[in-house]
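This report refers to the structure that appears directly beneath it.
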Amino acid sequence: MSSKRHILTAVAWPYANGPRHIGHVSGFGVPSDVFSRFQRMSGNHVLMVSGTDEHGTPIQVLADQEGVTPRELADRYNKVIAEDLVGLGLSYDLFTRTTTGNHYAVVQQLFTALYENGYVFTHTTKGAVSPSNGRTLPDRYIEGTCPICGYDGARGDQCDNCGNQLDPIDLLGPRSRVNGETPEFIDTEHFMLDLPAFADVMTEWLKGKGSDEAAPEASVGGGGGRRVGWRPNVLKFSMNLLEDLQPRAVTRDLNWGVPIPLEGWDEDPNKRLYVWFDAVIGYLSASIEWARRTGEPESWRLWWQSEEAESFYFMGKDNIVFHSVIWPAILLGASGEGDRGGELGPLGALNVPSEVVSSEFLTMEGQKFSSSRRVVIYVRDFLERYSADALRYYIMAAGPETQDTDFTWSEFVRRNNDELVAAWGNLVNRSISMAAKNIGHVPGPGVLTEEDEQVMAASRAAFDTVGARLENSQFKAALQEAMRTVAEANKYISEQAPWALKKTDPERMATVLHVALQLVKDANTLLTPFLPESANKVHAMLGGQGQWSGMPYLATGHDTIGGSGEPVDYTVITGDYAEDLARWTSVPITPGTPLERPQPLFAKLDQSVVDEELARLRGEID
């Protein structure tokens, strides 16, 4: 395998029905960006893609409530969500949308490949409609009691309590989440994805995901290379799903979505491909769109067809089924690798996921996030008052990596003050301040003592330790180890007390400050994936020139949208990360580099922040 790996970071597609809150980005957003930045720093070829998920009846329902068209609603929230994610520093190579003509074409190609290989078939089933207006109700908009575990709050597509897939008609006491009505169930014909036809091949595939030891480079669907154990919650849940796979509908009765590309179906105004089916295909269509934007339209194949390529999918746990079972089935079926075999589709053989990296749920002050009950803080509102890196740090240090976690304002303030301000910010400020004030530039090392050598050796060794954690998506452990090096650096400076050496031993003071600045440079590199905005500031404070770690920006895409005839402009996220100087290694600091007195990296917060935010949560202030 090439020393430089091709790594696809596939990030869950946020639904375009409103701005994102911090619970959303703790699952799909920040973890995927930390992973991607680390992989770029390691010299690998990263392609990080996603976009807004814009089809489905929920969009129609909200559009009706607001008196706009589904297209107008999608246009609005595509831009809003893109702005949110740019503000958080998420380094997408391309963040696009599922309503582009490019996406429609790719979705239809995969559907046709599945159909021709016999993995989708027509079936008459019962569809739920609203008695008052005759409109189809999406599965997720029907609630009732689960017939399997008795949970009274199961959705029509899945029970979040026991994890089983459901149909709305199976629910006991079904009711519409839109208006509380009891839905009517009528006969309707749909295309079904034959998931049972992939049970055997996917069982063998998933069996190879439970070991931390290297496995053969080639596997079902390609995508060889790094083979590590999946998170236990993801693997167990996925294996359980394979025990009772049932065919699943890939079409719905609605007029907002991707048309069915078959004669007799393509002109039906009330039949469209189901939103869950087209959304997962977005990872592929976004990669193809990115390749075209770069002027190398076939380059997407390096991430999707090479046996050495690897793909990592990031999401919250409610989306595991779509990424560990349904998406692999679509990819395998389009490549002719299910029980029925088949021919390669027009896009060729496509790699299945190397790893599904799922986070648990984030709650807020002991409650589930709920916009209607004001138990929410949107990303944009958060960033108006606090720094993006402060939120990123909290999510990675105390977020729902492997278990449900509660966000509290008191803990956010404590971590900001005790860890970002008092530990990391203090190390940067006092090291650079002393060197700038007393010397004016980075001093030479002088004669190094055993203590100097030991602390610098430990700092260099941290790259292997932290890197191994990041390589395996163990973000919390990686950040803890990085912050341990910060603590050791602060301890070294306190013990060596360079401020007391200015008059008695200025040469020793210069050596201590040289070591301190080297420790700052190393720690800044270790923290760059987590804190890119402040990492860029520290790079400049140390006299660095050029782009340290690239930040995303809004740009313009151009394509047809929502099945319209004429191409239009729309908002995308992209970035120029190939210019980054940041590399995952300890680089010696350069003596003689001019230094200036630094500005504080982070602002200290007081109790008033907690009081104000809790009052806002209670609805006492806006």
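All residue names refer to the structure tokens as shown: chains lettered A, B, ... in order, residues numbered from 1 in each chain, ligands numbered from 1 in order.
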
Residues near Asn133 in chain A, cut-off 12 Å, only C-alpha atoms, skip fewer than 2 positions along chain, as a VMD selection string: chain A and resid 61 128 to 131 135 to 137 178 to 179 181 183 to 184

Per residue of range 485-584 of chain A within 12 Å of range 12-30 of chain A, record the nearest atom pair and its distance in Å to one decimal, counting only C-alpha atoms, with rows in chain order and ascending residue number, as CSV.
```
residue,atom,partner,partner_atom,distance
A:Pro529,CA,A:Val30,CA,9.7
A:Phe530,CA,A:Val30,CA,8.3
A:Leu531,CA,A:Val30,CA,10.3
A:Pro532,CA,A:Val30,CA,11.3
```

Can you build me a table of range 321-422 of chain A residues sitting at most 10 Å from range 81-87 of chain A, with the closest atom pair per residue and its distance in Å to one decimal, using only C-alpha atoms, sorted by chain and residue number, as a tab-separated table?
```
residue	atom	partner	partner_atom	distance
A:Tyr378	CA	A:Asp84	CA	8.8
A:Val379	CA	A:Asp84	CA	6.1
A:Arg380	CA	A:Asp84	CA	5.7
A:Asp381	CA	A:Asp84	CA	9.4
A:Leu383	CA	A:Gly87	CA	7.3
A:Glu384	CA	A:Gly87	CA	9.8
A:Ser387	CA	A:Gly87	CA	9.5
A:Ala388	CA	A:Gly87	CA	7.0
```

How would the residues just chosen look if you wrote them out with N, CA, C and O atoms as a JSON list (two decimals), in the first residue's frame?
```
[["chain", "number", "residue", "atom", "x", "y", "z"],
["A", 378, "TYR", "N", -28.54, 26.85, 19.24],
["A", 378, "TYR", "CA", -28.10, 26.68, 17.87],
["A", 378, "TYR", "C", -26.63, 27.09, 17.72],
["A", 378, "TYR", "O", -26.13, 27.95, 18.46],
["A", 379, "VAL", "N", -25.97, 26.46, 16.77],
["A", 379, "VAL", "CA", -24.55, 26.73, 16.55],
["A", 379, "VAL", "C", -24.31, 28.22, 16.34],
["A", 379, "VAL", "O", -23.39, 28.80, 16.91],
["A", 380, "ARG", "N", -25.13, 28.85, 15.50],
["A", 380, "ARG", "CA", -24.89, 30.26, 15.20],
["A", 380, "ARG", "C", -25.06, 31.14, 16.42],
["A", 380, "ARG", "O", -24.33, 32.11, 16.61],
["A", 381, "ASP", "N", -26.03, 30.81, 17.29],
["A", 381, "ASP", "CA", -26.21, 31.59, 18.51],
["A", 381, "ASP", "C", -25.03, 31.39, 19.45],
["A", 381, "ASP", "O", -24.57, 32.34, 20.10],
["A", 383, "LEU", "N", -21.95, 30.67, 18.61],
["A", 383, "LEU", "CA", -20.75, 31.32, 18.08],
["A", 383, "LEU", "C", -20.83, 32.84, 18.14],
["A", 383, "LEU", "O", -19.80, 33.51, 18.03],
["A", 384, "GLU", "N", -22.02, 33.38, 18.30],
["A", 384, "GLU", "CA", -22.13, 34.83, 18.50],
["A", 384, "GLU", "C", -21.59, 35.25, 19.86],
["A", 384, "GLU", "O", -21.18, 36.40, 20.04],
["A", 387, "SER", "N", -16.26, 31.32, 21.46],
["A", 387, "SER", "CA", -15.40, 30.96, 20.34],
["A", 387, "SER", "C", -15.73, 29.56, 19.83],
["A", 387, "SER", "O", -16.18, 28.69, 20.58],
["A", 388, "ALA", "N", -15.48, 29.36, 18.54],
["A", 388, "ALA", "CA", -15.71, 28.04, 17.94],
["A", 388, "ALA", "C", -14.82, 27.00, 18.60],
["A", 388, "ALA", "O", -15.26, 25.87, 18.85]]
```

Quick one: pick out all strand (DSSP E or B) residues within range 260-358 of chain A from a backbone DSSP run and write them as a ChimeraX atom specification. /A:272-273,310-316,355-358

Rows by chain and residue number, range 466-565 of chain A within 12 Å of range 231-245 of chain A, shortest pair, only C-alpha atoms, as JSON lines:
```
{"residue": "A:Asn472", "atom": "CA", "partner": "A:Arg231", "partner_atom": "CA", "distance": 9.4}
{"residue": "A:Ser473", "atom": "CA", "partner": "A:Arg231", "partner_atom": "CA", "distance": 9.0}
{"residue": "A:Gln474", "atom": "CA", "partner": "A:Arg231", "partner_atom": "CA", "distance": 9.5}
```

Those selected residues, please, written with N, CA, C and O atoms and delivered as an mmCIF file, in the first residue's frame.
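And here's result.cif as it stands now:
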```cif
data_model
loop_
_atom_site.group_PDB
_atom_site.id
_atom_site.type_symbol
_atom_site.label_atom_id
_atom_site.label_comp_id
_atom_site.auth_asym_id
_atom_site.auth_seq_id
_atom_site.Cartn_x
_atom_site.Cartn_y
_atom_site.Cartn_z
ATOM 1 N N ASN A 472 -7.504 5.822 15.466
ATOM 2 C CA ASN A 472 -8.570 4.893 15.811
ATOM 3 C C ASN A 472 -9.842 5.591 16.275
ATOM 4 O O ASN A 472 -10.697 4.972 16.908
ATOM 5 N N SER A 473 -9.952 6.901 15.968
ATOM 6 C CA SER A 473 -11.138 7.691 16.305
ATOM 7 C C SER A 473 -11.417 7.706 17.811
ATOM 8 O O SER A 473 -12.569 7.815 18.237
ATOM 9 N N GLN A 474 -10.369 7.617 18.609
ATOM 10 C CA GLN A 474 -10.483 7.730 20.070
ATOM 11 C C GLN A 474 -10.140 9.173 20.442
ATOM 12 O O GLN A 474 -9.090 9.481 20.985
#
```

Spatial neighbours of Glu495 in chain A, max dist 12 Å, only C-alpha atoms, sep filter under 4 positions, as number ranges by chain: A: 451-452, 455, 488-491, 499-501, 512, 516

Grab the CA of Pro552 in chain A to CA of Val11 in chain A distance for me, in Å with one decimal place.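 These two atoms are separated by 15.1 Å.
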
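Neighbours of Gly345 in chain A closer than or equal to 9 Å, with only C-alpha atoms counted and sequence neighbours fewer than 5 positions away skipped, come out as Gln109, Leu110, Thr112, Ala113, Leu114, Glu116, Asn117, Gly333, Ala334, Ser335 and Gly336 of chain A.
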